[in-house]
Amino acid sequence: QKAKNREDFNEAGDFYMEIDRFYPYSNESRWALVEAIKSYHKGTDLSNARLSAKRYLSLYADGPEAAFAQYMVGLSFFDAIVDVRRDQGAALHAVEEFRRLDSIYPDSLYSDLADEKLKIAYSQLAGQEMSVGRYYMNREEYLAAINRFTTVVDDYTYSIFAVEAFFRLTEAYIALGMINLAKENNSVFTRKFPNSEWSDKSNKLINGLNL
C-alpha cells in the first residue's frame, strides 16, 4: 500500500502478487490479485496486468471481481492498440476478450464499458483492412483489394470505414469489367447510405457507364 501511495505502481503490483504466492486461495489473496491488476494497469505494465487478471480468473472464475478481471484482460490489449498502419494483433485480442466478457458476464457493469471499447477496436481493424485495400488498388491488384473491402462491408458494417469500402468496391468491380457486380454493389450501397458523398461518387461512376 505504501508503494501504491507513492505511485510506484509496478512495485506495488509485485508486492500484491507476493501475497497471492505465499497465501493462495485466501480472502487476502483474492483481494491482492484485484489490487495487482489495478496497480499494474496504472503503471502501464500491460503484460503483468493481463497476467494477474488471468490468474484471478483461473482461481476465481465465479468470484465477485471476475467480470472486472475479464474486462481488464481485454483492456490490457486495447491499451496496446497503436494505429491502423501497424499490426493489429492487439485489436484482435481485445475484440476476442471483450466478446468473452459479453458472453460469460453479460449483465455486468463492465459489459457496457467493453461494448464501447469494442466499437473502437472494430474501427481499428476496419481501418487496417482499408489501408491494405487502398494499397492494392494503387497497385491495380483489384481482386486482392476487393477481398479487403468486402471484409469491411461484411464484418465492420458499422465502422466509419464501411461507406468508403462500398465505394471502393464499385471502383474495383468497374476496373475489372464486372459491371453487373458494380451495379449490384452500388444499389446496396446507395440504399444503406443514401445521403453520403461516397454514394454520390458511386452513382456518378455507374451513371457514367450508361453514357
# chains A, B, ... in the order shown; residues from 1 in each chain; ligands from 1

$ select_by_dssp --residues "range 28-211 of chain A" --states "alpha helix (DSSP H)" --output "number ranges by chain"
A: 28-42, 46-59, 66-78, 89-104, 109-138, 142-155, 162-175, 179-192, 197-209

$ write_last_selection --atoms "C-alpha atoms" --output "compact mmCIF listing (two decimals), in the first residue's frame"
# COMPACT_ATOMS: atom_id res chain seq x y z
CA GLU A 28 -6.36 -11.67 1.18
CA SER A 29 -5.01 -13.33 -1.95
CA ARG A 30 -8.21 -12.67 -3.88
CA TRP A 31 -8.16 -9.01 -2.80
CA ALA A 32 -4.44 -8.71 -3.59
CA LEU A 33 -4.92 -10.00 -7.14
CA VAL A 34 -7.51 -7.31 -7.81
CA GLU A 35 -5.16 -4.68 -6.41
CA ALA A 36 -2.31 -6.07 -8.52
CA ILE A 37 -4.42 -5.76 -11.67
CA LYS A 38 -5.22 -2.13 -10.87
CA SER A 39 -1.65 -1.28 -9.91
CA TYR A 40 -0.01 -2.82 -12.96
CA HIS A 41 -2.51 -1.11 -15.22
CA LYS A 42 -1.85 2.27 -13.61
CA LEU A 46 0.05 -4.20 -19.50
CA SER A 47 1.58 -7.67 -19.63
CA ASN A 48 1.56 -8.09 -15.86
CA ALA A 49 -1.89 -6.51 -15.61
CA ARG A 50 -3.10 -9.18 -18.01
CA LEU A 51 -1.26 -11.99 -16.21
CA SER A 52 -2.66 -11.02 -12.82
CA ALA A 53 -6.18 -10.73 -14.28
CA LYS A 54 -5.89 -14.18 -15.85
CA ARG A 55 -4.56 -15.52 -12.56
CA TYR A 56 -7.69 -14.22 -10.82
CA LEU A 57 -9.93 -15.81 -13.45
CA SER A 58 -8.14 -19.15 -13.24
CA LEU A 59 -8.70 -19.27 -9.48
CA ALA A 66 -14.41 -11.93 -12.20
CA ALA A 67 -16.16 -9.61 -14.66
CA PHE A 68 -13.70 -6.86 -13.74
CA ALA A 69 -10.76 -9.21 -14.28
CA GLN A 70 -12.08 -10.27 -17.69
CA TYR A 71 -12.60 -6.64 -18.65
CA MET A 72 -9.03 -5.85 -17.66
CA VAL A 73 -7.70 -8.67 -19.82
CA GLY A 74 -9.43 -7.04 -22.78
CA LEU A 75 -8.34 -3.57 -21.71
CA SER A 76 -4.70 -4.65 -21.49
CA PHE A 77 -4.85 -5.50 -25.19
CA PHE A 78 -6.99 -2.49 -26.07
CA GLY A 89 -2.87 -8.28 -33.14
CA ALA A 90 -3.70 -6.23 -30.04
CA ALA A 91 -7.04 -5.13 -31.52
CA LEU A 92 -7.92 -8.71 -32.48
CA HIS A 93 -7.14 -9.94 -28.97
CA ALA A 94 -9.10 -7.07 -27.44
CA VAL A 95 -12.14 -7.97 -29.53
CA GLU A 96 -11.82 -11.62 -28.51
CA GLU A 97 -11.56 -10.84 -24.79
CA PHE A 98 -14.36 -8.26 -24.76
CA ARG A 99 -16.61 -10.70 -26.61
CA ARG A 100 -15.80 -13.30 -23.98
CA LEU A 101 -16.83 -10.80 -21.30
CA ASP A 102 -20.17 -10.21 -23.05
CA SER A 103 -20.70 -13.95 -23.34
CA ILE A 104 -19.80 -15.00 -19.79
CA LEU A 109 -21.40 -3.21 -15.46
CA TYR A 110 -18.20 -3.91 -17.34
CA SER A 111 -20.09 -5.33 -20.30
CA ASP A 112 -21.27 -1.84 -21.28
CA LEU A 113 -17.73 -0.49 -20.98
CA ALA A 114 -16.48 -3.34 -23.14
CA ASP A 115 -19.08 -2.59 -25.82
CA GLU A 116 -17.75 0.96 -26.16
CA LYS A 117 -14.20 -0.33 -26.49
CA LEU A 118 -15.35 -2.94 -28.99
CA LYS A 119 -16.61 -0.25 -31.36
CA ILE A 120 -13.20 1.39 -31.33
CA ALA A 121 -11.37 -1.91 -31.79
CA TYR A 122 -13.65 -2.84 -34.72
CA SER A 123 -12.95 0.54 -36.29
CA GLN A 124 -9.23 -0.04 -35.84
CA LEU A 125 -9.41 -3.41 -37.59
CA ALA A 126 -11.57 -1.97 -40.36
CA GLY A 127 -9.07 0.84 -40.80
CA GLN A 128 -6.25 -1.60 -41.38
CA GLU A 129 -8.30 -3.53 -43.94
CA MET A 130 -8.97 -0.25 -45.74
CA SER A 131 -5.32 0.73 -45.65
CA VAL A 132 -4.26 -2.56 -47.23
CA GLY A 133 -7.16 -2.41 -49.71
CA ARG A 134 -6.11 1.05 -50.90
CA TYR A 135 -2.55 -0.21 -51.31
CA TYR A 136 -3.77 -2.99 -53.61
CA MET A 137 -5.95 -0.53 -55.54
CA ASN A 138 -2.93 1.69 -56.19
CA TYR A 142 -8.14 -5.36 -57.83
CA LEU A 143 -9.11 -8.85 -56.67
CA ALA A 144 -6.92 -8.51 -53.58
CA ALA A 145 -8.42 -5.07 -52.93
CA ILE A 146 -11.96 -6.44 -53.32
CA ASN A 147 -11.27 -9.08 -50.66
CA ARG A 148 -10.20 -6.39 -48.19
CA PHE A 149 -13.10 -4.04 -48.92
CA THR A 150 -15.59 -6.91 -48.74
CA THR A 151 -14.28 -7.76 -45.26
CA VAL A 152 -15.00 -4.19 -44.18
CA VAL A 153 -18.58 -4.07 -45.51
CA ASP A 154 -19.38 -7.57 -44.19
CA ASP A 155 -17.60 -7.66 -40.83
CA ALA A 162 -17.81 0.99 -44.35
CA VAL A 163 -19.03 3.83 -46.59
CA GLU A 164 -15.71 4.27 -48.35
CA ALA A 165 -15.32 0.50 -48.65
CA PHE A 166 -18.59 0.28 -50.60
CA PHE A 167 -17.38 2.99 -52.99
CA ARG A 168 -14.01 1.32 -53.47
CA LEU A 169 -15.82 -1.92 -54.34
CA THR A 170 -17.70 -0.12 -57.09
CA GLU A 171 -14.40 1.24 -58.38
CA ALA A 172 -12.69 -2.14 -58.27
CA TYR A 173 -15.52 -4.02 -59.97
CA ILE A 174 -15.60 -1.46 -62.79
CA ALA A 175 -11.83 -1.70 -63.18
CA ILE A 179 -20.25 -4.24 -64.40
CA ASN A 180 -23.17 -6.25 -63.00
CA LEU A 181 -21.38 -6.64 -59.67
CA ALA A 182 -20.56 -2.93 -59.68
CA LYS A 183 -24.22 -2.05 -60.23
CA GLU A 184 -25.37 -4.53 -57.60
CA ASN A 185 -22.89 -3.15 -55.08
CA ASN A 186 -23.92 0.41 -55.89
CA SER A 187 -27.59 -0.48 -55.38
CA VAL A 188 -26.93 -1.91 -51.91
CA PHE A 189 -24.59 0.96 -51.11
CA THR A 190 -26.96 3.79 -52.00
CA ARG A 191 -29.80 2.09 -50.18
CA LYS A 192 -27.75 1.79 -46.98
CA GLU A 197 -20.93 11.89 -50.57
CA TRP A 198 -19.36 8.49 -51.29
CA SER A 199 -22.78 7.33 -52.53
CA ASP A 200 -22.89 10.28 -54.90
CA LYS A 201 -19.46 9.37 -56.24
CA SER A 202 -20.51 5.77 -56.71
CA ASN A 203 -23.68 6.82 -58.54
CA LYS A 204 -21.63 9.00 -60.88
CA LEU A 205 -19.39 6.05 -61.75
CA ILE A 206 -22.40 3.87 -62.51
CA ASN A 207 -24.18 6.61 -64.46
CA GLY A 208 -21.01 7.16 -66.47
CA LEU A 209 -21.20 3.55 -67.64
